[in-house]
Amino acid sequence: MLEVFGRRPYLVLLVMALLLAPVPLLQLNDYILHVLTLFLIFAVFATGWNLTLGILGLKTLGHHAFFAVGAYASAMVSHYFGVSPWITIWLAALIAALTGLLIGFPILRIRSMPHVAIVTLAFAEIVRLVFANLKEITRGELGFWGIPPFDPIQIGETTIRFGLGNAAGSFAVAAIMFVGVHLALLLLLRGRCGLTFLAIRDAEAAAESLGVRLAAWKLFAFAISAAVVGLSGAVYAHYVLILTPTSVAGPEMLISLLAMIIVGGVGRFFGPIYGALLLTVTSELLRDFGDFRMLLYGALIIVFVFAAPAGIAGLKPRFSRKETETRKTVEAV
Amino acid sequence: MSRLSFPALVSAGLLGAALLALPAHAQEEITIGAVGPLTGPAANTGKDHRQGLELAVKDWNDGKGNYVSQNPPKIKLVMEDTSGKPEVAISAAQRLITRENIKMLIGDTLHSHVTLALMELAPQYNLPILSAEPVSSAIADKVLSDEERYQLYWKGNWNSSGYGTAVHDFYKWAFDNKTLDPGDKKIAFVVEDTDYGIANAEKVGELFKADGWTVTSTETVPPATTDFYPQLSKLREAGPDVVVSVFTVANSGIAFVRQLKEQALDTSHLAIYYPTKPEFLQQAADVAEGTYWAALTFSSELNPEHKAFSDRVQAEYGNPGTYSTAHAYCTMEIALRAIDAAGSTDPKAIAEQIKNTDHECVVGRFKFDKDHAVQSGPDFIPVPVAQIQGGKNQIIWPENVATSKPQ
Amino acid sequence: MSATQFIELIINGLITGSIYALVGSGIALVYGTTRVLNFAHGELMMLAGYGVLLFAVTLGWPVLLAALATILIVMLLGAVIQRVTIAPLLKREDWAFNVVAATIGLSIFLQSAAQLIWGEQFQGVPYFFNGVAVIGEVRMPWQRIAIFLVALGVMGLCALVLYRTRLGRIIRATAQDAEAALAVGIPSGLVHTAVFAISAALAGTGAILLSPLVTVSPWMGASYLLKGFAVVILGGLGSFGGAVAAGFLLGLIESFSVAFVSTEWSNVVAFLFLIAVIWARPEGLFAGRGA
């Protein structure tokens, strides 16, 4: 547990919330807010994926499918039926969760890691192709536009607006989602549920023999994970206001998110957040290097796998090693 | 230091670095931003665009521009990459707006779906936006759906219906004068799965259906597909009288034409877009004989003006100019002239001057229509249909500009 | 459907399938022996594509010589990749996922490196064999027929090595139990490297055969990777013969789905088939002997 959450996870989350809270008031320029908003959305995406990938230990490679399902579901319901995005994002999370159950069933039958990886990858490809091919309703690669931004909120005299160009409001939505999702997951995972997930990851057979109903728990984890990713996709849709199947469910989405999780730390609760921050910010900084961006991106993944397999979250400054070692002994006892 | 705060420190440091990397240096000159696909499968075209845009700005600043006023402003161009993705483009554009303080945006230089996203920035940032090569009619539809909202957005190319109309009118002409036989009036499409391919297929299909034709099938293949045997086998079975293919990647086109020849299908074939790429004729000359194609908007061989432009690009960058280079050059000229004529960087004034554009440039006469798109046709930007004859491109339609008769 | 179209669909399916079989059997061979899933397998194809472009087109070597040189280089690259990026990770506890992550990173790295070195353009390679074979109403260029025949030959050669030679016995012994193999004096580390080289040679052969049809670009391998993986699963993870059979099956499925539904749905059909098979028979369709 300690390895996954660190020592005081609620405190860390509180510090993050306190760091985020004043940002909209800082009068930062829109570009920085835009990058930070993307970071927050991708951080939630990465955390949701990490739930199966790192915490449950199920090596799925197709979570960008749920991002796409969430994004398109919320976008289409709000566009075609005029439902407020404040409602449709929850619907999107639900639809993503159901999709998660759908693919969860066949995966349950498989224990081999490569099977899971390839089947989920193929599933994501199916989702991408379906959105690309249902041109009558999604407009395919032409791009689905006409997605409404979140309805403005009136607080006293001020009206908060959302969507592209209204950077402060969009940032606020992303930040609230970010803190809310992480808080909810912490509450869930610090209890029996989290212990069960970790037990399944570390010793599947043992967990089963102790009466853990593997199938139900795995499906539950899959649904929660898909719901979180779907929610982040929905918020993304109402922020960028245009979707194409390739941009949300294409291989580059897979690689960016996988890199965020690996760089941040697979199986560490806060790892994907650091990874999302590092990669969102560096990929913007590296814009100046033009063509070298993707090259460094790939190199970064390799370097982290070799030099820091536990990601940034697993990095320790040298002088605290002794402390860690003592802690390990305590844990062993 | 606890292990908790170390990652936080790393992250904070990064954020700090990101903030410091924003030197907003003051410029006396006016900065124009551009976004286009400089990496990814469309990067070739994106690089042509960059050359065209840069060359136009260079000419303008060197006193060789096509000025409106006596005292034209100096211009600086900053171009960023989109990788062909809408969200990357938005990010790039926002960076140009807030960091470079651009007064106008040329974008997207190629993709319609990226433009559909970018045009939202015009009302939100009060920024004039002029797209370069995108053609999808969906963009014009969007403008017409809310003209007030998109008053600062302009589309520097004709609508995809321009191709559709040209292809349809050419065939109608060819059937009427018995050059071609309409047979059972069946048409089929093999197009790439992009906004460009699909929009063109839909438009042509619509116009042919109105004349009593049936569309036997529309096969959409992923961009850069090069094996068409399954599709060709299906086509042979359906026996269409006209096949229209649309690809933006030249090699898809080369492969398609070659395989069509191998399969010896008895049909008239019209290609859209890819024969404009110089490598098409270089690699497919042996199999492309007799192919009809649209649109021969740029030809160094047939048009001395185009040749002069291509030679300039060759001298400047070491590669010949293409339609994309020329079109980007013209788009930039429209932008420069509008800023010059407006006499200020007021967004509304610039948009008003774009609207008033009536400019003869290397690829044709640029004049905007009510839907904010450049008009196509014989009086504006011509959309001529060509045929490959004796290994060379010849314009065969419309008759007033034809260099040869269809064979 | 006419008889001609039916025959054409089968031929097209077998030709596409032979490439899937080449790619898939290479992945299966590596997986069967080392339990490693190599996401950079597609990039070996891409590098072979550039190799043949360099030797056969730029330098103008005879096709056979160019192909041999390319295959040798790709084998060497495969061995280096295994030694440098994969072998060091195998000692880790969660190596399976580490290897997947590292090879995904490597794949992106190689793709962008190729883009920086050779540019984004799709480069054509002329046909190695000219002419079209006409049998009745069916027309088939020799280039395509050659793909099928050469692929069959190369895979046959591989099977011969695997099942009829000492090297093959060593490889199969390592696949069954690396530690036991080590105990009887088989250097399993070297065997793993050798298997990677053979797998790279299969990918390279596929790429060389394909290059005149699909053109060479930094992305040429990426689209075949997922198909290769699908083939490996359909065939039963790690089964060489299963992968070959599944490759042809997948090719036929795709070919027929283009005819019955439209092109854009053919990949959906192929991947749905994969998931359906996993649901019904997780061990694969042709699971039997290991590599």
# chains A, B, ... in the order shown; residues from 1 in each chain; ligands from 1
>>> closest_atom_pairs(of="chain C", to="chain A", cutoff="6 Å", atoms="only C-alpha atoms", output="Markdown table")
| residue | atom | partner | partner_atom | distance |
| --- | --- | --- | --- | --- |
| C:Ala102 | CA | A:Ile302 | CA | 5.0 |
| C:Gly105 | CA | A:Gly298 | CA | 4.3 |
| C:Ile108 | CA | A:Gly298 | CA | 5.1 |
| C:Phe109 | CA | A:Gly298 | CA | 4.5 |
| C:Ser112 | CA | A:Leu295 | CA | 5.2 |
| C:Val268 | CA | A:Ile126 | CA | 5.3 |
| C:Phe271 | CA | A:Ala122 | CA | 5.9 |
| C:Trp279 | CA | A:Pro106 | CA | 5.1 |
>>> select_by_dssp(residues="region 61-221 of chain C", states="helix (DSSP H, G or I)", output="ChimeraX atom specification")
/C:63-91,95-118,142-164,166-176,178-183,188-214
>>> closest_atom_pairs(of="chain C", to="chain B", cutoff="8 Å", atoms="only C-alpha atoms", output="tab-separated table")
residue	atom	partner	partner_atom	distance
C:Met1	CA	B:Glu237	CA	7.5
C:Ser2	CA	B:Glu237	CA	7.6
C:Gln5	CA	B:Ser233	CA	6.3
C:Glu8	CA	B:Ser233	CA	6.7
C:Leu9	CA	B:Pro230	CA	6.8
C:Asn12	CA	B:Pro230	CA	6.7
C:Glu120	CA	B:Pro41	CA	6.2
C:Gln121	CA	B:Asn44	CA	6.6
C:Phe122	CA	B:Asn251	CA	6.4
C:Gln123	CA	B:Asn251	CA	7.7
C:Gly124	CA	B:Asn251	CA	7.2
C:Val132	CA	B:Glu262	CA	6.8
C:Arg139	CA	B:Gln263	CA	6.0
C:Met140	CA	B:Glu262	CA	7.4
C:Pro141	CA	B:Glu262	CA	6.9
C:Leu213	CA	B:Thr226	CA	6.4
C:Val214	CA	B:Thr226	CA	4.9
C:Thr215	CA	B:Asn251	CA	7.1
C:Ser255	CA	B:Pro230	CA	5.8
C:Val258	CA	B:Pro230	CA	6.3
C:Ala259	CA	B:Lys234	CA	5.8
C:Ser262	CA	B:Glu219	CA	6.2
C:Thr263	CA	B:Glu219	CA	5.5
C:Glu264	CA	B:Thr220	CA	5.7
>>> residues_around(residues="Leu37 (chain C)", least_positions_apart="2", cutoff="9 Å", atoms="only C-alpha atoms", output="ChimeraX atom specification")
/A:114 /C:27-28,30-31,34-35,39,41,96,99-100,103,229
>>> write_last_selection(atoms="N, CA, C and O atoms", output="short mmCIF file (atom, residue, chain, number, x, y, z; two decimals), in the first residue's frame")
data_model
loop_
_atom_site.label_atom_id
_atom_site.label_comp_id
_atom_site.auth_asym_id
_atom_site.auth_seq_id
_atom_site.Cartn_x
_atom_site.Cartn_y
_atom_site.Cartn_z
N PRO A 114 0.27 -11.03 -22.88
CA PRO A 114 0.21 -10.62 -24.28
C PRO A 114 -1.20 -10.68 -24.86
O PRO A 114 -1.59 -9.82 -25.63
N ILE C 27 6.97 -12.95 -35.15
CA ILE C 27 6.60 -12.56 -33.79
C ILE C 27 6.37 -13.81 -32.93
O ILE C 27 6.80 -13.88 -31.78
N ALA C 28 5.71 -14.81 -33.54
CA ALA C 28 5.40 -16.04 -32.81
C ALA C 28 6.67 -16.77 -32.39
O ALA C 28 6.77 -17.30 -31.29
N VAL C 30 9.62 -15.52 -31.79
CA VAL C 30 10.24 -14.82 -30.65
C VAL C 30 9.43 -15.07 -29.39
O VAL C 30 9.97 -15.37 -28.34
N TYR C 31 8.12 -14.96 -29.52
CA TYR C 31 7.30 -15.15 -28.32
C TYR C 31 7.42 -16.57 -27.80
O TYR C 31 7.57 -16.79 -26.59
N THR C 34 11.06 -16.84 -26.22
CA THR C 34 11.53 -15.95 -25.15
C THR C 34 10.39 -15.31 -24.37
O THR C 34 10.64 -14.57 -23.43
N ARG C 35 9.14 -15.56 -24.76
CA ARG C 35 7.97 -14.92 -24.12
C ARG C 35 8.01 -13.40 -24.24
O ARG C 35 7.47 -12.70 -23.40
N PHE C 39 7.23 -4.96 -29.90
CA PHE C 39 6.45 -3.94 -30.60
C PHE C 39 7.28 -3.21 -31.65
O PHE C 39 6.73 -2.41 -32.40
N HIS C 41 8.82 -4.78 -33.97
CA HIS C 41 8.93 -5.71 -35.10
C HIS C 41 8.60 -5.01 -36.42
O HIS C 41 9.25 -5.24 -37.43
N ALA C 96 7.91 -8.57 -18.41
CA ALA C 96 7.03 -8.69 -19.56
C ALA C 96 6.51 -7.32 -19.97
O ALA C 96 6.57 -6.93 -21.15
N VAL C 99 9.34 -4.88 -21.16
CA VAL C 99 9.77 -5.11 -22.53
C VAL C 99 8.78 -4.49 -23.51
O VAL C 99 9.16 -3.83 -24.48
N VAL C 100 7.48 -4.68 -23.23
CA VAL C 100 6.47 -4.07 -24.09
C VAL C 100 6.68 -2.56 -24.15
O VAL C 100 6.73 -1.95 -25.22
N THR C 103 9.92 -1.61 -26.04
CA THR C 103 9.87 -1.79 -27.49
C THR C 103 8.89 -0.80 -28.14
O THR C 103 9.10 -0.40 -29.28
N PHE C 229 0.31 -9.26 -34.68
CA PHE C 229 -0.08 -9.69 -33.33
C PHE C 229 -1.36 -10.52 -33.38
O PHE C 229 -1.47 -11.55 -32.70
#
>>> residues_around(residues="Gln143 (chain C)", least_positions_apart="2", cutoff="9 Å", atoms="only C-alpha atoms", output="short mmCIF file (atom, residue, chain, number, x, y, z; two decimals) with C-alpha atoms, in the first residue's frame")
data_model
loop_
_atom_site.label_atom_id
_atom_site.label_comp_id
_atom_site.auth_asym_id
_atom_site.auth_seq_id
_atom_site.Cartn_x
_atom_site.Cartn_y
_atom_site.Cartn_z
CA TYR C 127 8.58 -4.14 -59.56
CA PHE C 128 11.18 -6.91 -59.33
CA PHE C 129 9.19 -9.08 -61.73
CA ASN C 130 7.38 -7.61 -64.69
CA GLY C 131 4.41 -8.86 -66.60
CA VAL C 132 0.97 -10.13 -65.78
CA MET C 140 -2.31 -11.57 -61.72
CA PRO C 141 1.05 -9.73 -61.97
CA ILE C 145 2.60 -14.34 -57.38
CA ALA C 146 6.25 -14.03 -56.37
CA ILE C 147 5.23 -12.65 -52.97
CA LEU C 209 8.55 -8.51 -51.07
CA PRO C 212 7.27 -2.54 -54.71
CA LEU C 213 3.58 -2.72 -53.79
#
>>> interface_residues(of="chain A", to="chain B", cutoff="7 Å", atoms="only C-alpha atoms", output="PyMOL selection string")
chain A and resi 6+29-31+141-143+165+240+242+247+274+277-278+281+285+291+312-313+316
>>> write_last_selection(atoms="N, CA, C and O atoms", output="compact mmCIF listing (two decimals), in the first residue's frame")
# COMPACT_ATOMS: atom_id res chain seq x y z
N GLY A 6 2.24 6.24 -1.33
CA GLY A 6 3.11 7.14 -0.59
C GLY A 6 2.59 7.22 0.84
O GLY A 6 1.64 6.53 1.22
N ASN A 29 -1.29 33.87 -19.04
CA ASN A 29 -1.82 33.98 -20.38
C ASN A 29 -2.50 32.68 -20.79
O ASN A 29 -2.30 31.62 -20.20
N ASP A 30 -3.37 32.79 -21.78
CA ASP A 30 -4.25 31.69 -22.15
C ASP A 30 -3.48 30.45 -22.55
O ASP A 30 -3.94 29.34 -22.33
N TYR A 31 -2.33 30.65 -23.13
CA TYR A 31 -1.57 29.51 -23.61
C TYR A 31 -1.15 28.61 -22.46
O TYR A 31 -1.28 27.39 -22.52
N GLU A 141 -13.71 11.10 -40.22
CA GLU A 141 -12.48 11.88 -40.14
C GLU A 141 -12.70 13.34 -40.53
O GLU A 141 -11.81 14.17 -40.41
N LEU A 142 -13.88 13.66 -41.04
CA LEU A 142 -14.20 15.06 -41.32
C LEU A 142 -14.22 15.86 -40.03
O LEU A 142 -14.13 17.07 -40.04
N GLY A 143 -14.37 15.17 -38.93
CA GLY A 143 -14.38 15.85 -37.64
C GLY A 143 -15.79 16.15 -37.19
O GLY A 143 -16.61 16.64 -37.96
N GLY A 165 -10.80 29.33 -25.63
CA GLY A 165 -10.82 30.77 -25.64
C GLY A 165 -11.26 31.31 -24.29
O GLY A 165 -10.98 32.46 -23.96
N VAL A 240 -12.12 21.01 -26.36
CA VAL A 240 -11.55 21.30 -27.69
C VAL A 240 -12.64 21.49 -28.75
O VAL A 240 -12.38 22.06 -29.80
N ILE A 242 -13.95 19.81 -30.98
CA ILE A 242 -13.90 19.05 -32.24
C ILE A 242 -13.27 17.70 -31.96
O ILE A 242 -12.32 17.60 -31.18
N SER A 247 -7.68 11.43 -33.72
CA SER A 247 -7.09 12.26 -32.67
C SER A 247 -7.41 11.70 -31.28
O SER A 247 -6.62 11.85 -30.37
N TYR A 274 2.39 13.01 -12.36
CA TYR A 274 3.70 13.61 -12.66
C TYR A 274 4.07 13.37 -14.12
O TYR A 274 4.61 14.24 -14.80
N LEU A 277 2.18 15.70 -16.36
CA LEU A 277 2.73 17.05 -16.28
C LEU A 277 4.02 17.13 -17.07
O LEU A 277 4.21 18.02 -17.91
N LEU A 278 4.91 16.18 -16.79
CA LEU A 278 6.22 16.20 -17.45
C LEU A 278 6.06 16.17 -18.97
O LEU A 278 6.64 16.98 -19.68
N VAL A 281 4.08 19.25 -20.58
CA VAL A 281 4.91 20.46 -20.60
C VAL A 281 6.11 20.30 -21.52
O VAL A 281 6.38 21.17 -22.34
N LEU A 285 7.41 22.42 -24.70
CA LEU A 285 8.74 23.05 -24.76
C LEU A 285 9.50 22.56 -25.99
O LEU A 285 10.21 23.33 -26.64
N ASP A 291 11.08 18.72 -35.54
CA ASP A 291 11.06 17.32 -35.93
C ASP A 291 11.61 16.37 -34.87
O ASP A 291 11.38 15.18 -34.92
N ILE A 312 8.90 8.66 -12.24
CA ILE A 312 9.27 9.80 -11.38
C ILE A 312 8.82 9.55 -9.96
O ILE A 312 9.51 9.87 -9.00
N ALA A 313 7.63 8.95 -9.81
CA ALA A 313 7.09 8.74 -8.48
C ALA A 313 7.98 7.82 -7.66
O ALA A 313 7.93 7.82 -6.43
N LYS A 316 14.01 8.62 -5.77
CA LYS A 316 14.27 9.07 -4.40
C LYS A 316 15.56 9.84 -4.39
O LYS A 316 16.53 9.43 -5.02
